[in-house]
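Student: Could you have a look at this structure, given as structure tokens, before my questions?
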Amino acid sequence: MHLARYQEAALKTLQPSAAGIDPVLVPLLGLIGETGSVITAYKKRLRDGANVAPSKPQLREELGDALWYIAALANRLDLNLEDVAAASLEKAKDRWRATPANERMRFDADYPAHEQLPRKTTVTFTPTLNPDGRNVIVVTREDGSTAGDPLTSASHIEDDYRFHDALHLGHAAVLGWSPVTRFLLGCKRRSRPGVDEAEDGGRAIAIEEGISALVFSYASRHRYFEDVRHVDHELLTTIDHMTAHLEVNVLRTADWEKAIMTGYDAWRQLRKYGGGVLELDLDAQTVTCIKP
């Protein structure tokens, strides 16, 4: 049965609300009640075993009652049940299915080669001491030139944030997007000033650095993703809002989660070894750490 036909049939049995009662309230409370009934039925299944209670027909009945109230509530809110279902599937796809390889977009495909993120390259993280005695990381490109300034963790507590450029490389590898990596590797798209300013310029760099700091704060409370492979949806939604005006907004939250995990896998290796070489491979969407 199509959801539209089901909703139409369900509404034929929807009773009018009493005078003075919000028409949304009855189906809303009904949905809450039926959800509790489904939970109770499953609790009995856990307690007594699948062969004892409740049966599939009983569970089907409880779920059917919940579906009826969803259809009624959607109608009261002037929503089409098929539209609700389609939007739900799209949200789930965005959250849990990374963009397939054959659909991945290259944001710099039609730019000169020197303005494209390199498909494969290496970046070296070398620990050293500043003249003032601080531990810093010097990041160098494949050709040996320095990429940016020496990095400290810029914190009263040493948490190895000085290796955080690995996180930007994770963004570049999986998303094909990273204004910070473009700056570090010297491949900003200067041939188009508007793009260079809006997509590769200071504001975009600040946004990516903000994302890096935000996720790092979250990661520090989750063992830096050592044994966690998912990020809270609320954090991914915040990232989506932060990048809504940038070219990367066409990608899915599942892509962002994959990029975050890729970057942190490399970051943890650099932290373990105290430095090393990262191999960036945009085609394979990987960042691989070579032990120093």
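Letters for chains follow the order of the structure tokens (A, B, ...), residue numbers begin at 1 for each chain, and ligand numbers begin at 1 in the order shown.
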I'd like to know which residues of segment 6-169 of chain A are strand (DSSP E) (by DSSP, run on the backbone); could you write them as a list of chain:residue names?
Tutor: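 Put together, the selection reads A:Lys120, A:Thr121, A:Thr122, A:Val123, A:Thr124, A:Phe125, A:Thr126, A:Pro127, A:Thr128, A:Leu129, A:Asn135, A:Val136, A:Ile137, A:Val138, A:Val139, A:Thr140.
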Student: Sorted by chain and rising residue number, which residues of segment 207-286 of chain A lie within 12 Å of segment 141-160 of chain A, and what are their closest atom pairs and distances in Å to one decimal, counting only C-alpha atoms, as a Markdown table?
Tutor:
```
| residue | atom | partner | partner_atom | distance |
| --- | --- | --- | --- | --- |
| A:Ala213 | CA | A:Ser153 | CA | 11.2 |
| A:Phe216 | CA | A:Asp159 | CA | 9.9 |
| A:Ser217 | CA | A:Asp159 | CA | 10.5 |
| A:Ala219 | CA | A:Asp159 | CA | 11.4 |
| A:Ser220 | CA | A:Asp159 | CA | 8.8 |
| A:Arg223 | CA | A:Asp159 | CA | 11.8 |
| A:Tyr224 | CA | A:Asp159 | CA | 10.7 |
| A:Tyr264 | CA | A:Asp160 | CA | 12.0 |
| A:Trp267 | CA | A:Asp160 | CA | 9.0 |
| A:Arg268 | CA | A:Asp160 | CA | 9.4 |
| A:Gln269 | CA | A:Asp160 | CA | 11.4 |
| A:Leu270 | CA | A:Asp160 | CA | 9.2 |
| A:Arg271 | CA | A:Asp160 | CA | 6.7 |
| A:Lys272 | CA | A:Asp160 | CA | 10.0 |
| A:Tyr273 | CA | A:Asp160 | CA | 11.6 |
| A:Gly274 | CA | A:Asp160 | CA | 9.1 |
| A:Gly275 | CA | A:Asp160 | CA | 10.5 |
| A:Val277 | CA | A:Glu142 | CA | 9.6 |
| A:Leu278 | CA | A:Glu142 | CA | 10.1 |
| A:Glu279 | CA | A:Glu142 | CA | 9.6 |
| A:Leu280 | CA | A:Glu142 | CA | 10.6 |
```
Student: Pick out the residues sitting within 10 Å of segment 244-251 of chain A, and hand them over as a list in words; count only C-alpha atoms, and ignore anything fewer than 5 positions along from it in its own chain.
Tutor: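 Close residues of segment 244-251 of chain A: Asp94, Ala98, Thr99, Arg104, Met105, Phe107, Leu175, Gly176, Trp177, Ser178, Val195, Ala198, Glu199, Asp200, Ala204, Ile207, Thr238, Ile239 and Trp256 of chain A.
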Student: List the spatial neighbours of segment 1-12 of chain A as number ranges by chain - criterion: any atom at most 12 Å away, only C-alpha atoms, same-chain residues fewer than 5 positions off excluded.
Tutor: A: 27, 64-76, 78-86
Student: Using the selection just defined, write its residues with N, CA, C and O atoms as an mmCIF file, in the first residue's frame.
Tutor:
```cif
data_model
loop_
_atom_site.group_PDB
_atom_site.id
_atom_site.type_symbol
_atom_site.label_atom_id
_atom_site.label_comp_id
_atom_site.auth_asym_id
_atom_site.auth_seq_id
_atom_site.Cartn_x
_atom_site.Cartn_y
_atom_site.Cartn_z
ATOM 1 N N PRO A 27 -4.002 13.221 18.424
ATOM 2 C CA PRO A 27 -3.085 12.304 17.749
ATOM 3 C C PRO A 27 -1.664 12.367 18.312
ATOM 4 O O PRO A 27 -0.953 11.350 18.319
ATOM 5 N N GLY A 64 1.299 -0.789 14.002
ATOM 6 C CA GLY A 64 0.237 -0.262 13.150
ATOM 7 C C GLY A 64 -0.522 0.867 13.824
ATOM 8 O O GLY A 64 -0.864 1.865 13.168
ATOM 9 N N ASP A 65 -0.766 0.726 15.128
ATOM 10 C CA ASP A 65 -1.441 1.805 15.860
ATOM 11 C C ASP A 65 -0.580 3.071 15.862
ATOM 12 O O ASP A 65 -1.097 4.189 15.689
ATOM 13 N N ALA A 66 0.734 2.896 16.052
ATOM 14 C CA ALA A 66 1.629 4.048 16.040
ATOM 15 C C ALA A 66 1.618 4.713 14.662
ATOM 16 O O ALA A 66 1.596 5.946 14.550
ATOM 17 N N LEU A 67 1.605 3.900 13.605
ATOM 18 C CA LEU A 67 1.588 4.441 12.241
ATOM 19 C C LEU A 67 0.303 5.212 11.984
ATOM 20 O O LEU A 67 0.317 6.260 11.323
ATOM 21 N N TRP A 68 -0.809 4.709 12.489
ATOM 22 C CA TRP A 68 -2.085 5.410 12.315
ATOM 23 C C TRP A 68 -2.012 6.805 12.930
ATOM 24 O O TRP A 68 -2.438 7.796 12.319
ATOM 25 N N TYR A 69 -1.490 6.889 14.144
ATOM 26 C CA TYR A 69 -1.388 8.194 14.797
ATOM 27 C C TYR A 69 -0.400 9.112 14.065
ATOM 28 O O TYR A 69 -0.599 10.336 14.023
ATOM 29 N N ILE A 70 0.666 8.548 13.479
ATOM 30 C CA ILE A 70 1.592 9.360 12.690
ATOM 31 C C ILE A 70 0.872 9.948 11.480
ATOM 32 O O ILE A 70 1.031 11.131 11.157
ATOM 33 N N ALA A 71 0.050 9.119 10.817
ATOM 34 C CA ALA A 71 -0.712 9.601 9.661
ATOM 35 C C ALA A 71 -1.685 10.700 10.072
ATOM 36 O O ALA A 71 -1.827 11.728 9.386
ATOM 37 N N ALA A 72 -2.367 10.491 11.208
ATOM 38 C CA ALA A 72 -3.321 11.494 11.682
ATOM 39 C C ALA A 72 -2.616 12.783 12.086
ATOM 40 O O ALA A 72 -3.081 13.892 11.777
ATOM 41 N N LEU A 73 -1.479 12.644 12.766
ATOM 42 C CA LEU A 73 -0.736 13.819 13.205
ATOM 43 C C LEU A 73 -0.199 14.595 12.004
ATOM 44 O O LEU A 73 -0.243 15.837 11.978
ATOM 45 N N ALA A 74 0.294 13.880 10.998
ATOM 46 C CA ALA A 74 0.780 14.539 9.786
ATOM 47 C C ALA A 74 -0.334 15.355 9.137
ATOM 48 O O ALA A 74 -0.125 16.490 8.692
ATOM 49 N N ASN A 75 -1.528 14.792 9.098
ATOM 50 C CA ASN A 75 -2.667 15.507 8.517
ATOM 51 C C ASN A 75 -2.983 16.771 9.310
ATOM 52 O O ASN A 75 -3.221 17.836 8.736
ATOM 53 N N ARG A 76 -2.988 16.642 10.646
ATOM 54 C CA ARG A 76 -3.293 17.805 11.492
ATOM 55 C C ARG A 76 -2.254 18.915 11.293
ATOM 56 O O ARG A 76 -2.569 20.095 11.469
ATOM 57 N N ASP A 78 -0.779 19.471 8.450
ATOM 58 C CA ASP A 78 -0.803 19.790 7.026
ATOM 59 C C ASP A 78 0.438 19.243 6.306
ATOM 60 O O ASP A 78 1.050 19.914 5.480
ATOM 61 N N LEU A 79 0.784 17.993 6.652
ATOM 62 C CA LEU A 79 1.923 17.315 6.034
ATOM 63 C C LEU A 79 1.451 16.080 5.283
ATOM 64 O O LEU A 79 0.485 15.423 5.690
ATOM 65 N N ASN A 80 2.140 15.788 4.199
ATOM 66 C CA ASN A 80 1.848 14.596 3.407
ATOM 67 C C ASN A 80 2.766 13.476 3.884
ATOM 68 O O ASN A 80 3.983 13.633 3.952
ATOM 69 N N LEU A 81 2.192 12.315 4.193
ATOM 70 C CA LEU A 81 2.975 11.221 4.768
ATOM 71 C C LEU A 81 4.054 10.728 3.812
ATOM 72 O O LEU A 81 5.152 10.361 4.234
ATOM 73 N N GLU A 82 3.766 10.740 2.516
ATOM 74 C CA GLU A 82 4.788 10.332 1.550
ATOM 75 C C GLU A 82 5.947 11.321 1.533
ATOM 76 O O GLU A 82 7.110 10.922 1.420
ATOM 77 N N ASP A 83 5.649 12.600 1.644
ATOM 78 C CA ASP A 83 6.710 13.611 1.703
ATOM 79 C C ASP A 83 7.540 13.442 2.971
ATOM 80 O O ASP A 83 8.772 13.581 2.948
ATOM 81 N N VAL A 84 6.857 13.145 4.082
ATOM 82 C CA VAL A 84 7.565 12.917 5.346
ATOM 83 C C VAL A 84 8.520 11.729 5.209
ATOM 84 O O VAL A 84 9.688 11.791 5.627
ATOM 85 N N ALA A 85 8.028 10.647 4.607
ATOM 86 C CA ALA A 85 8.843 9.443 4.444
ATOM 87 C C ALA A 85 10.035 9.706 3.515
ATOM 88 O O ALA A 85 11.168 9.279 3.786
ATOM 89 N N ALA A 86 9.787 10.428 2.414
ATOM 90 C CA ALA A 86 10.863 10.722 1.466
ATOM 91 C C ALA A 86 11.935 11.593 2.114
ATOM 92 O O ALA A 86 13.140 11.354 1.926
#
```
Student: Would you mind telling me which residue in A:Leu59, A:Tyr218, A:His233, A:Pro131 lies nearest to Lys43 of chain A when using only C-alpha atoms?
Tutor: A:Leu59
Student: May I have the residues within 10 Å of Thr35 of chain A as a ChimeraX atom specification, using only C-alpha atoms and disregarding those fewer than 2 positions away in the same chain?
Tutor: /A:29-33,37-41,62-63,65-67,69
Student: When you count only C-alpha atoms, which of these residues is closest to Ser191 of chain A: A:Ala173, A:Asp110, A:Asp165, A:Asp132?
Tutor: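 For Ser191 of chain A, the nearest of the given residues is A:Asp110.
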Student: Have a look at atom CA of Arg106 of chain A and atom CA of Val215 of chain A and let me know their distance in Å, one decimal.
Tutor: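 Interatomic distance, atom CA of Arg106 of chain A to atom CA of Val215 of chain A: 24.5 Å.
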Student: With distances taken over only C-alpha atoms, which of A:Ile205, A:Val24, A:Leu214, A:Leu282 is nearest to Leu117 of chain A?
Tutor: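 With only C-alpha atoms as the atom set, the closest residue is A:Leu282.
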Student: Of the residues A:Ala18, A:Asp283, A:Gly263, A:Ala254, which is the one nearest to Ala92 of chain A, using only C-alpha atoms?
Tutor: A:Ala254
Student: Counting only C-alpha atoms, which of A:Leu236, A:Pro179, A:Gly210, A:Gly49 gets nearest to Asp196 of chain A?
Tutor: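 Nearest candidate to Asp196 of chain A out of A:Leu236, A:Pro179, A:Gly210, A:Gly49: A:Pro179.
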